[in-house]
$ cat final.cif   # mmCIF, C-alpha atoms
data_final
loop_
_atom_site.label_atom_id
_atom_site.label_comp_id
_atom_site.auth_asym_id
_atom_site.auth_seq_id
_atom_site.Cartn_x
_atom_site.Cartn_y
_atom_site.Cartn_z
CA MET A 70 -21.05 -24.69 -5.94
CA GLN A 71 -23.81 -22.71 -4.30
CA ILE A 72 -25.26 -24.19 -1.11
CA ALA A 73 -28.54 -22.61 -0.07
CA ILE A 74 -29.40 -23.11 3.60
CA VAL A 75 -32.97 -22.13 4.35
CA LEU A 76 -33.75 -20.21 7.54
CA PHE A 77 -37.10 -19.32 9.07
CA PRO A 78 -38.15 -17.86 12.43
CA GLY A 79 -37.89 -20.49 15.14
CA PHE A 80 -35.52 -22.83 13.30
CA THR A 81 -33.28 -25.17 15.31
CA VAL A 82 -29.71 -23.89 15.26
CA LEU A 83 -27.76 -27.15 15.02
CA ASP A 84 -30.06 -28.45 12.25
CA ALA A 85 -28.69 -25.69 10.04
CA MET A 86 -25.19 -25.25 11.41
CA GLY A 87 -24.13 -28.90 11.37
CA PRO A 88 -24.36 -29.23 7.58
CA TYR A 89 -23.11 -25.64 7.18
CA GLU A 90 -19.91 -26.34 9.12
CA ILE A 91 -19.17 -29.36 6.95
CA LEU A 92 -20.30 -28.26 3.50
CA SER A 93 -18.85 -24.73 3.73
CA ARG A 94 -15.38 -26.27 3.96
CA LEU A 95 -15.57 -28.01 0.59
CA PRO A 96 -13.46 -26.54 -2.20
CA GLY A 97 -15.54 -24.09 -4.20
CA ALA A 98 -18.41 -24.04 -1.73
CA ARG A 99 -20.45 -20.85 -1.69
CA PRO A 100 -22.89 -21.18 1.20
CA VAL A 101 -25.75 -18.71 1.45
CA PHE A 102 -28.46 -18.41 4.08
CA VAL A 103 -31.84 -17.87 2.46
CA ALA A 104 -35.09 -16.76 4.09
CA GLU A 105 -38.47 -15.78 2.79
CA ARG A 106 -37.85 -12.50 4.63
CA PRO A 107 -34.12 -11.79 4.75
CA GLY A 108 -32.74 -10.05 7.79
CA PRO A 109 -32.51 -11.00 11.45
CA LEU A 110 -34.22 -14.23 12.49
CA THR A 111 -34.46 -15.75 15.94
CA ASN A 112 -34.02 -19.44 16.67
CA ASP A 113 -36.43 -21.76 18.47
CA GLY A 114 -34.88 -21.15 21.86
CA GLY A 115 -34.97 -17.39 21.34
CA ALA A 116 -31.40 -16.69 22.45
CA LEU A 117 -29.79 -16.53 19.04
CA THR A 118 -30.36 -14.08 16.23
CA VAL A 119 -28.84 -14.83 12.86
CA VAL A 120 -29.07 -12.69 9.77
CA ALA A 121 -30.37 -14.34 6.61
CA GLN A 122 -28.60 -12.72 3.68
CA ALA A 123 -30.69 -13.57 0.69
CA ALA A 124 -34.28 -13.69 -0.45
CA PRO A 125 -35.29 -16.78 -2.42
CA ALA A 126 -35.41 -14.78 -5.66
CA GLU A 127 -31.71 -13.95 -5.24
CA VAL A 128 -30.80 -17.65 -5.20
CA PRO A 129 -32.65 -19.10 -8.17
CA ARG A 130 -30.41 -22.07 -8.95
CA PRO A 131 -28.53 -23.42 -5.93
CA ASP A 132 -26.55 -26.60 -6.45
CA VAL A 133 -27.50 -27.86 -3.00
CA VAL A 134 -30.56 -27.01 -0.92
CA VAL A 135 -30.48 -27.66 2.83
CA VAL A 136 -33.70 -27.28 4.83
CA PRO A 137 -33.34 -27.40 8.61
CA GLY A 138 -36.22 -28.07 10.94
CA GLY A 139 -37.56 -26.78 14.21
CA PRO A 140 -40.45 -27.36 16.58
CA GLU A 141 -43.50 -28.19 14.54
CA ALA A 142 -45.35 -24.97 15.39
CA ASN A 143 -42.54 -22.97 13.78
CA LEU A 144 -42.33 -24.86 10.49
CA PRO A 145 -43.40 -23.15 7.27
CA LEU A 146 -45.76 -25.93 6.21
CA GLU A 147 -48.40 -23.79 4.50
CA PRO A 148 -48.26 -23.24 0.73
CA GLY A 149 -46.49 -20.01 -0.10
CA PRO A 150 -43.48 -18.39 -1.75
CA LEU A 151 -40.98 -20.56 0.15
CA HIS A 152 -42.54 -23.78 -1.13
CA GLN A 153 -42.70 -22.33 -4.62
CA TRP A 154 -39.00 -21.48 -4.43
CA LEU A 155 -38.16 -24.95 -3.08
CA ARG A 156 -39.91 -26.54 -6.06
CA GLU A 157 -38.14 -24.20 -8.52
CA ALA A 158 -34.75 -24.70 -6.89
CA ASP A 159 -35.30 -28.44 -6.80
CA ARG A 160 -35.84 -28.49 -10.55
CA HIS A 161 -32.14 -27.73 -11.09
CA SER A 162 -30.47 -28.72 -7.81
CA GLN A 163 -27.87 -31.43 -7.63
CA TRP A 164 -29.01 -32.35 -4.12
CA THR A 165 -32.15 -31.41 -2.21
CA THR A 166 -31.73 -32.12 1.47
CA SER A 167 -33.16 -31.64 4.93
CA VAL A 168 -32.32 -32.14 8.58
CA CYS A 169 -34.79 -33.04 11.33
CA THR A 170 -38.32 -31.75 10.71
CA GLY A 171 -37.00 -29.93 7.66
CA SER A 172 -38.19 -33.01 5.78
CA LEU A 173 -41.77 -32.05 6.67
CA ILE A 174 -41.17 -28.74 4.86
CA LEU A 175 -39.81 -30.56 1.81
CA GLY A 176 -42.80 -32.89 2.06
CA ALA A 177 -45.28 -30.03 2.35
CA ALA A 178 -43.72 -28.50 -0.76
CA GLY A 179 -44.52 -31.75 -2.57
CA LEU A 180 -40.94 -32.87 -3.06
CA LEU A 181 -40.88 -36.21 -1.26
CA LYS A 182 -43.75 -38.06 -2.92
CA GLY A 183 -42.90 -41.74 -3.16
CA ARG A 184 -39.45 -41.10 -1.70
CA ARG A 185 -37.83 -42.88 1.21
CA ALA A 186 -37.14 -40.16 3.76
CA THR A 187 -36.43 -39.60 7.43
CA SER A 188 -37.06 -36.91 10.03
CA HIS A 189 -36.76 -36.31 13.75
CA TRP A 190 -37.89 -39.56 15.39
CA LEU A 191 -40.87 -37.80 16.97
CA ALA A 192 -42.03 -36.56 13.54
CA LEU A 193 -41.12 -39.55 11.41
CA GLU A 194 -44.62 -40.89 10.88
CA GLN A 195 -45.92 -37.51 9.71
CA LEU A 196 -43.86 -37.87 6.55
CA ALA A 197 -46.37 -40.39 5.28
CA GLY A 198 -48.95 -37.62 5.18
CA TYR A 199 -46.90 -36.03 2.41
CA GLY A 200 -46.64 -39.23 0.41
CA ALA A 201 -43.12 -40.07 1.56
CA ARG A 202 -42.04 -43.46 2.89
CA PRO A 203 -40.82 -42.91 6.47
CA THR A 204 -37.49 -44.62 7.02
CA GLY A 205 -35.93 -44.75 10.46
CA GLU A 206 -32.31 -44.39 9.42
CA ARG A 207 -29.96 -41.57 10.35
CA VAL A 208 -29.28 -40.41 6.81
CA VAL A 209 -31.57 -41.51 3.97
CA THR A 210 -30.65 -41.06 0.33
CA ASP A 211 -33.25 -41.58 -2.39
CA GLY A 212 -32.09 -40.28 -5.72
CA LYS A 213 -30.94 -36.73 -5.17
CA TYR A 214 -33.01 -36.38 -1.99
CA VAL A 215 -31.05 -36.74 1.22
CA THR A 216 -32.88 -36.42 4.51
CA ALA A 217 -31.37 -36.68 7.97
CA ALA A 218 -32.87 -37.57 11.32
CA GLY A 219 -33.01 -35.22 14.33
CA VAL A 220 -30.88 -32.12 14.96
CA SER A 221 -27.32 -33.49 15.25
CA SER A 222 -27.67 -35.88 12.31
CA GLY A 223 -27.01 -33.03 9.89
CA ILE A 224 -23.30 -33.45 10.59
CA ASP A 225 -23.40 -37.04 9.37
CA MET A 226 -25.48 -35.93 6.39
CA GLY A 227 -22.98 -33.17 5.64
CA LEU A 228 -20.12 -35.65 5.51
CA THR A 229 -22.13 -38.05 3.36
CA LEU A 230 -22.83 -35.24 0.91
CA ALA A 231 -19.21 -34.08 1.07
CA GLY A 232 -18.15 -37.47 -0.24
CA ARG A 233 -20.56 -37.15 -3.16
CA LEU A 234 -20.00 -33.46 -3.94
CA ALA A 235 -16.22 -33.87 -3.76
CA ASP A 236 -14.69 -37.26 -2.99
CA ASP A 237 -13.95 -39.53 -0.03
CA ARG A 238 -10.55 -38.01 0.59
CA THR A 239 -11.92 -34.48 0.74
CA ALA A 240 -14.74 -35.56 3.04
CA GLN A 241 -12.20 -37.18 5.35
CA MET A 242 -10.09 -34.01 5.30
CA VAL A 243 -13.15 -32.09 6.48
CA GLN A 244 -13.96 -34.69 9.13
CA LEU A 245 -10.41 -34.40 10.43
CA ILE A 246 -10.35 -30.60 10.56
CA VAL A 247 -13.67 -30.44 12.43
CA GLU A 248 -12.36 -33.30 14.59
CA TYR A 249 -15.56 -35.29 14.22
CA ASP A 250 -14.63 -38.32 16.28
CA PRO A 251 -17.78 -38.45 18.39
CA GLN A 252 -17.57 -39.76 21.94
CA PRO A 253 -20.95 -39.15 23.53
CA PRO A 254 -20.80 -39.66 27.29
CA TYR A 255 -24.20 -41.42 27.15
CA ASP A 256 -25.78 -43.84 24.71
CA ALA A 257 -29.30 -42.43 24.57
CA GLY A 258 -29.22 -40.77 21.17
CA SER A 259 -32.03 -42.67 19.48
CA PRO A 260 -35.37 -44.11 20.56
CA GLU A 261 -33.91 -47.59 20.06
CA LYS A 262 -31.00 -46.94 22.39
CA ALA A 263 -32.48 -44.64 25.03
CA PRO A 264 -34.29 -46.00 28.09
CA ALA A 265 -37.95 -46.59 27.14
CA GLU A 266 -39.05 -44.34 29.96
CA LEU A 267 -37.29 -41.34 28.38
CA VAL A 268 -38.75 -42.12 24.96
CA GLY A 269 -42.17 -42.28 26.56
CA GLU A 270 -41.69 -38.98 28.32
CA TRP A 271 -40.75 -37.20 25.10
CA ARG A 272 -43.75 -38.72 23.37
CA ARG A 273 -45.96 -37.29 26.11
CA VAL A 274 -44.57 -33.75 25.84
CA ARG A 275 -44.05 -33.99 22.09
CA GLY A 276 -43.92 -30.76 20.17
CA LYS A 277 -41.02 -29.49 22.21
CA ILE A 278 -38.50 -30.83 19.74
CA MET B 592 -28.57 -20.75 35.34
CA GLN B 593 -26.93 -18.22 33.06
CA ILE B 594 -24.76 -19.64 30.28
CA ALA B 595 -22.52 -17.05 28.65
CA ILE B 596 -21.29 -18.03 25.20
CA VAL B 597 -18.54 -15.74 23.96
CA LEU B 598 -18.53 -14.59 20.36
CA PHE B 599 -15.87 -12.69 18.41
CA PRO B 600 -15.40 -11.84 14.74
CA GLY B 601 -14.23 -14.90 12.83
CA PHE B 602 -15.38 -17.51 15.36
CA THR B 603 -16.14 -21.04 14.18
CA VAL B 604 -19.89 -21.59 14.14
CA LEU B 605 -20.13 -25.20 15.34
CA ASP B 606 -17.68 -24.52 18.20
CA ALA B 607 -20.30 -22.22 19.70
CA MET B 608 -23.51 -23.84 18.49
CA GLY B 609 -22.75 -27.42 19.54
CA PRO B 610 -22.65 -26.59 23.27
CA TYR B 611 -25.44 -24.03 22.80
CA GLU B 612 -27.81 -26.60 21.33
CA ILE B 613 -27.23 -28.95 24.26
CA LEU B 614 -26.97 -26.57 27.21
CA SER B 615 -29.85 -24.32 26.18
CA ARG B 616 -32.19 -27.31 26.57
CA LEU B 617 -31.44 -27.81 30.25
CA PRO B 618 -34.17 -26.83 32.70
CA GLY B 619 -33.59 -23.26 33.87
CA ALA B 620 -30.92 -22.53 31.27
CA ARG B 621 -30.60 -18.88 30.28
CA PRO B 622 -28.09 -18.78 27.42
CA VAL B 623 -26.70 -15.42 26.35
CA PHE B 624 -24.26 -14.61 23.56
CA VAL B 625 -21.63 -12.16 24.77
CA ALA B 626 -19.16 -10.15 22.69
CA GLU B 627 -16.71 -7.39 23.47
CA ARG B 628 -18.65 -5.39 20.89
CA PRO B 629 -22.27 -6.54 20.82
CA GLY B 630 -24.10 -6.52 17.53
CA PRO B 631 -23.62 -8.39 14.27
CA LEU B 632 -20.55 -10.59 13.99
CA THR B 633 -19.41 -12.67 11.05
CA ASN B 634 -18.04 -16.19 11.34
CA ASP B 635 -14.72 -17.52 10.06
CA GLY B 636 -16.15 -18.59 6.72
CA GLY B 637 -17.86 -15.23 6.24
CA ALA B 638 -21.27 -16.58 5.22
CA LEU B 639 -22.98 -16.32 8.58
CA THR B 640 -23.78 -13.23 10.61
CA VAL B 641 -25.01 -13.69 14.16
CA VAL B 642 -26.00 -10.96 16.57
CA ALA B 643 -24.30 -10.94 19.94
CA GLN B 644 -26.80 -9.63 22.46
CA ALA B 645 -24.75 -8.60 25.43
CA ALA B 646 -21.59 -6.74 26.33
CA PRO B 647 -19.40 -8.38 28.95
CA ALA B 648 -20.43 -5.78 31.56
CA GLU B 649 -24.05 -6.91 31.18
CA VAL B 650 -23.15 -10.47 32.16
CA PRO B 651 -21.03 -10.07 35.26
CA ARG B 652 -21.69 -13.42 36.92
CA PRO B 653 -22.54 -16.22 34.51
CA ASP B 654 -22.84 -19.70 35.95
CA VAL B 655 -21.21 -21.23 32.90
CA VAL B 656 -18.76 -19.62 30.48
CA VAL B 657 -18.27 -21.19 27.04
CA VAL B 658 -15.48 -19.91 24.81
CA PRO B 659 -15.50 -21.16 21.20
CA GLY B 660 -12.48 -21.00 18.94
CA GLY B 661 -11.68 -20.15 15.39
CA PRO B 662 -8.71 -19.92 13.06
CA GLU B 663 -5.76 -18.67 15.05
CA ALA B 664 -5.55 -15.31 13.27
CA ASN B 665 -9.07 -14.51 14.48
CA LEU B 666 -8.61 -15.34 18.14
CA PRO B 667 -8.66 -12.57 20.75
CA LEU B 668 -5.35 -13.56 22.33
CA GLU B 669 -4.12 -10.08 23.25
CA PRO B 670 -4.73 -8.69 26.74
CA GLY B 671 -7.84 -6.53 26.85
CA PRO B 672 -11.36 -6.15 28.19
CA LEU B 673 -12.44 -9.64 27.09
CA HIS B 674 -9.66 -11.30 29.06
CA GLN B 675 -10.42 -9.09 32.03
CA TRP B 676 -14.06 -10.13 31.87
CA LEU B 677 -13.12 -13.80 31.53
CA ARG B 678 -11.04 -13.56 34.70
CA GLU B 679 -13.83 -11.77 36.57
CA ALA B 680 -16.50 -14.18 35.34
CA ASP B 681 -14.28 -17.12 36.19
CA ARG B 682 -14.03 -15.94 39.78
CA HIS B 683 -17.67 -16.85 40.34
CA SER B 684 -18.48 -19.33 37.57
CA GLN B 685 -19.51 -22.87 38.27
CA TRP B 686 -17.87 -24.04 35.04
CA THR B 687 -15.39 -22.27 32.75
CA THR B 688 -15.20 -24.05 29.42
CA SER B 689 -13.93 -23.89 25.87
CA VAL B 690 -14.21 -25.64 22.54
CA CYS B 691 -11.44 -25.98 19.96
CA THR B 692 -8.94 -23.09 19.99
CA GLY B 693 -11.15 -21.36 22.55
CA SER B 694 -8.79 -22.94 25.08
CA LEU B 695 -6.02 -20.71 23.74
CA ILE B 696 -8.20 -17.71 24.66
CA LEU B 697 -8.74 -19.08 28.16
CA GLY B 698 -5.01 -19.75 28.34
CA ALA B 699 -4.12 -16.25 27.14
CA ALA B 700 -6.41 -14.86 29.84
CA GLY B 701 -4.33 -16.77 32.36
CA LEU B 702 -7.00 -19.25 33.37
CA LEU B 703 -5.39 -22.58 32.51
CA LYS B 704 -2.11 -22.38 34.42
CA GLY B 705 -1.18 -25.83 35.66
CA ARG B 706 -4.43 -27.26 34.31
CA ARG B 707 -4.85 -30.27 32.07
CA ALA B 708 -6.55 -28.97 28.95
CA THR B 709 -7.21 -29.76 25.32
CA SER B 710 -7.72 -27.88 22.07
CA HIS B 711 -8.01 -28.47 18.36
CA TRP B 712 -5.42 -31.13 17.54
CA LEU B 713 -3.49 -28.68 15.37
CA ALA B 714 -3.25 -26.20 18.26
CA LEU B 715 -2.81 -28.59 21.17
CA GLU B 716 0.88 -27.99 21.79
CA GLN B 717 0.37 -24.23 21.96
CA LEU B 718 -1.49 -24.65 25.22
CA ALA B 719 1.83 -25.29 26.95
CA GLY B 720 2.82 -21.72 26.16
CA TYR B 721 0.08 -20.61 28.54
CA GLY B 722 1.19 -22.90 31.32
CA ALA B 723 -1.45 -25.55 30.66
CA ARG B 724 -0.75 -29.27 30.33
CA PRO B 725 -1.84 -30.29 26.81
CA THR B 726 -3.97 -33.43 26.95
CA GLY B 727 -5.06 -35.15 23.77
CA GLU B 728 -8.50 -36.25 24.91
CA ARG B 729 -11.82 -35.19 23.44
CA VAL B 730 -13.19 -33.60 26.60
CA VAL B 731 -10.85 -32.74 29.46
CA THR B 732 -12.10 -31.83 32.92
CA ASP B 733 -9.73 -30.35 35.50
CA GLY B 734 -11.59 -28.95 38.46
CA LYS B 735 -14.20 -26.58 37.07
CA TYR B 736 -12.33 -26.15 33.77
CA VAL B 737 -13.68 -28.20 30.91
CA THR B 738 -11.99 -27.95 27.54
CA ALA B 739 -13.00 -29.76 24.38
CA ALA B 740 -11.02 -30.71 21.27
CA GLY B 741 -11.79 -29.43 17.75
CA VAL B 742 -15.07 -27.95 16.48
CA SER B 743 -17.57 -30.84 16.79
CA SER B 744 -16.35 -31.94 20.23
CA GLY B 745 -18.40 -29.20 21.86
CA ILE B 746 -21.44 -31.44 21.54
CA ASP B 747 -19.77 -34.12 23.64
CA MET B 748 -18.65 -31.44 26.09
CA GLY B 749 -22.16 -30.07 26.26
CA LEU B 750 -23.56 -33.46 27.21
CA THR B 751 -20.82 -34.01 29.78
CA LEU B 752 -21.66 -30.65 31.34
CA ALA B 753 -25.38 -31.38 31.12
CA GLY B 754 -24.84 -34.41 33.33
CA ARG B 755 -23.06 -32.27 35.90
CA LEU B 756 -25.31 -29.20 35.74
CA ALA B 757 -28.45 -31.33 35.90
CA ASP B 758 -28.18 -35.12 36.16
CA ASP B 759 -27.59 -38.16 33.94
CA ARG B 760 -31.27 -38.60 33.17
CA THR B 761 -31.67 -35.01 32.02
CA ALA B 762 -28.52 -35.23 29.91
CA GLN B 763 -29.89 -38.38 28.26
CA MET B 764 -33.22 -36.65 27.62
CA VAL B 765 -31.32 -33.91 25.79
CA GLN B 766 -29.23 -36.44 23.86
CA LEU B 767 -32.43 -38.16 22.76
CA ILE B 768 -34.21 -35.01 21.66
CA VAL B 769 -31.23 -33.83 19.59
CA GLU B 770 -30.93 -37.42 18.34
CA TYR B 771 -27.21 -37.52 19.02
CA ASP B 772 -26.49 -41.06 17.88
CA PRO B 773 -23.50 -40.26 15.67
CA GLN B 774 -22.86 -42.40 12.60
CA PRO B 775 -20.04 -40.73 10.69
CA PRO B 776 -19.69 -42.22 7.20
CA TYR B 777 -15.88 -42.10 7.57
CA ASP B 778 -13.52 -42.78 10.45
CA ALA B 779 -11.08 -39.93 10.01
CA GLY B 780 -12.14 -37.67 12.86
CA SER B 781 -8.89 -37.55 14.78
CA PRO B 782 -5.19 -37.50 13.91
CA GLU B 783 -4.91 -41.00 15.40
CA LYS B 784 -7.65 -42.40 13.17
CA ALA B 785 -7.21 -40.45 9.93
CA PRO B 786 -4.79 -41.56 7.22
CA ALA B 787 -1.36 -40.12 8.05
CA GLU B 788 -1.23 -38.45 4.67
CA LEU B 789 -4.26 -36.31 5.53
CA VAL B 790 -2.85 -35.40 8.93
CA GLY B 791 0.36 -34.37 7.21
CA GLU B 792 -1.47 -32.25 4.69
CA TRP B 793 -3.35 -30.34 7.39
CA ARG B 794 -0.10 -29.78 9.26
CA ARG B 795 1.36 -28.27 6.10
CA VAL B 796 -1.52 -25.85 5.52
CA ARG B 797 -2.12 -25.30 9.24
CA GLY B 798 -3.85 -22.12 10.23
CA LYS B 799 -6.86 -22.92 8.09
CA ILE B 800 -8.61 -24.57 11.00
#

$ encode --input "final.cif" --output "structure tokens"
Amino acid sequence: MQIAIVLFPGFTVLDAMGPYEILSRLPGARPVFVAERPGPLTNDGGALTVVAQAAPAEVPRPDVVVVPGGPEANLPLEPGPLHQWLREADRHSQWTTSVCTGSLILGAAGLLKGRRATSHWLALEQLAGYGARPTGERVVTDGKYVTAAGVSSGIDMGLTLAGRLADDRTAQMVQLIVEYDPQPPYDAGSPEKAPAELVGEWRRVRGKI
Amino acid sequence: MQIAIVLFPGFTVLDAMGPYEILSRLPGARPVFVAERPGPLTNDGGALTVVAQAAPAEVPRPDVVVVPGGPEANLPLEPGPLHQWLREADRHSQWTTSVCTGSLILGAAGLLKGRRATSHWLALEQLAGYGARPTGERVVTDGKYVTAAGVSSGIDMGLTLAGRLADDRTAQMVQLIVEYDPQPPYDAGSPEKAPAELVGEWRRVRGKI
């Protein structure tokens, strides 16, 4: 079961590593980090360098595709080899997925037309520009397309996929070993729950996702 | 505000990247990945290579120290330069912290004597061997020592620290931008909540954290 996680310069670390930490623990999982230009890549914050192992051509038929996001300026939204690969990979994939603004990349590649999909709350409405139907849920499944909301939601998406790729028991085994029993010290994790003033402030400085 | 995140071969990705994703977003944060031998390092699963930027000597006085964990066989538990650096850094740090079995590393370096501390649930009792007082909570604060439970708990720890390093409003701003409104599809994230059969199975195969 090959799991291709896409990387690009300026990606958001947790977008990619949340699903990785979950899915890589499934029996038979073969995760691989794919980038248009393999080699060292730096994250959005600039402090972390990760090494993408594989070029798209080396991963022609992944079972699962995971596309993380990043600040909008960093996203590969222009037509090019990455989009072409996403469309090819999607032709045979079991699941095509994204976290955060990764759904804009899937959208730009033409893969979310007519699909219910989500994204980071600050980017949600932009999905409509790619023909998707923006849906403000944390994890949205439409056929084989699974999109997750902002950054940390990839962990929830990973567990949801784990249940489908394996079974509920296996997914729970993974949840237990990564001790995912969240206890956030605040309750400001969504625009519905956070104080309106904070939501407003992020909307003003938007782009710094 | 320098935040030193320790890396070592075979570390668990989310242990390090959960706190990184939160703390790096604080105003003035200067995160740096530190390893006894800087350069490329591979994670426990083997699929991810990250590049540690700095040797311990280059980061003599971090404000915050974060030590992730990994499967026990991979942990730097033997006396050596890393422990020496941890003790030196701890002398001046504002916060000395760990995620998962990272607390065993802090313990082995002699930094948790008499302290309430936590760890991955499968490793919790081992803390006593280092003179710490094992405490089965998700995030444990004792003075300037903050330890978190398994893997995913570093996100909760990061937000707790964010509130102390900055203030509650800033921590909530970070929670909102990483959309940390967890909705796990299962409720098996701790040994208290998971089916006993699963807890038993992990205890049997223990070591594969």

$ resolve_selection --input "final.cif" --expression "the PyMOL selection byres ((chain A and resi 137) around 12)" --output "PyMOL selection string"
chain A and resi 73-89+102-104+112-113+134-136+138-141+143-145+165-175+188-189+216-224+226

$ interface_residues --input "final.cif" --of "chain A" --to "chain B" --cutoff "6 Å" --atoms "all atoms listed in the file" --output "JSON, numbers by chain"
{"A": [118, 119, 120, 219, 220, 221, 225, 241, 244, 245, 247, 248, 249, 250, 253, 257, 258, 259]}

$ atom_distance --input "final.cif" --atom1 "atom CA of A:Glu157" --atom2 "atom CA of A:Asp236"
27.4 Å

$ residues_around --input "final.cif" --residues "stretch 124-127 of chain A" --least-positions-apart "2" --cutoff "7 Å" --atoms "all atoms listed in the file" --output "number ranges by chain"
A: 103-107, 129, 154

$ axis_aligned_box --input "final.cif" --around "stretch 638-654 of chain B" --padding-each-side "6 Å" --output "JSON"
{"center_x": -23.1, "center_y": -12.7, "center_z": 21.1, "size_x": 19.4, "size_y": 25.9, "size_z": 43.7}

$ residues_around --input "final.cif" --residues "B:Thr732" --least-positions-apart "4" --cutoff "8 Å" --atoms "all atoms listed in the file" --output "list in words"
Arg707, Ala708, Tyr736, Val737 and Thr738 of chain B

$ atom_distance --input "final.cif" --atom1 "atom CA of A:Pro131" --atom2 "atom CA of A:Arg160"
10.0 Å

$ atom_distance --input "final.cif" --atom1 "atom CA of B:Ala664" --atom2 "atom CA of B:Ala714"
12.2 Å
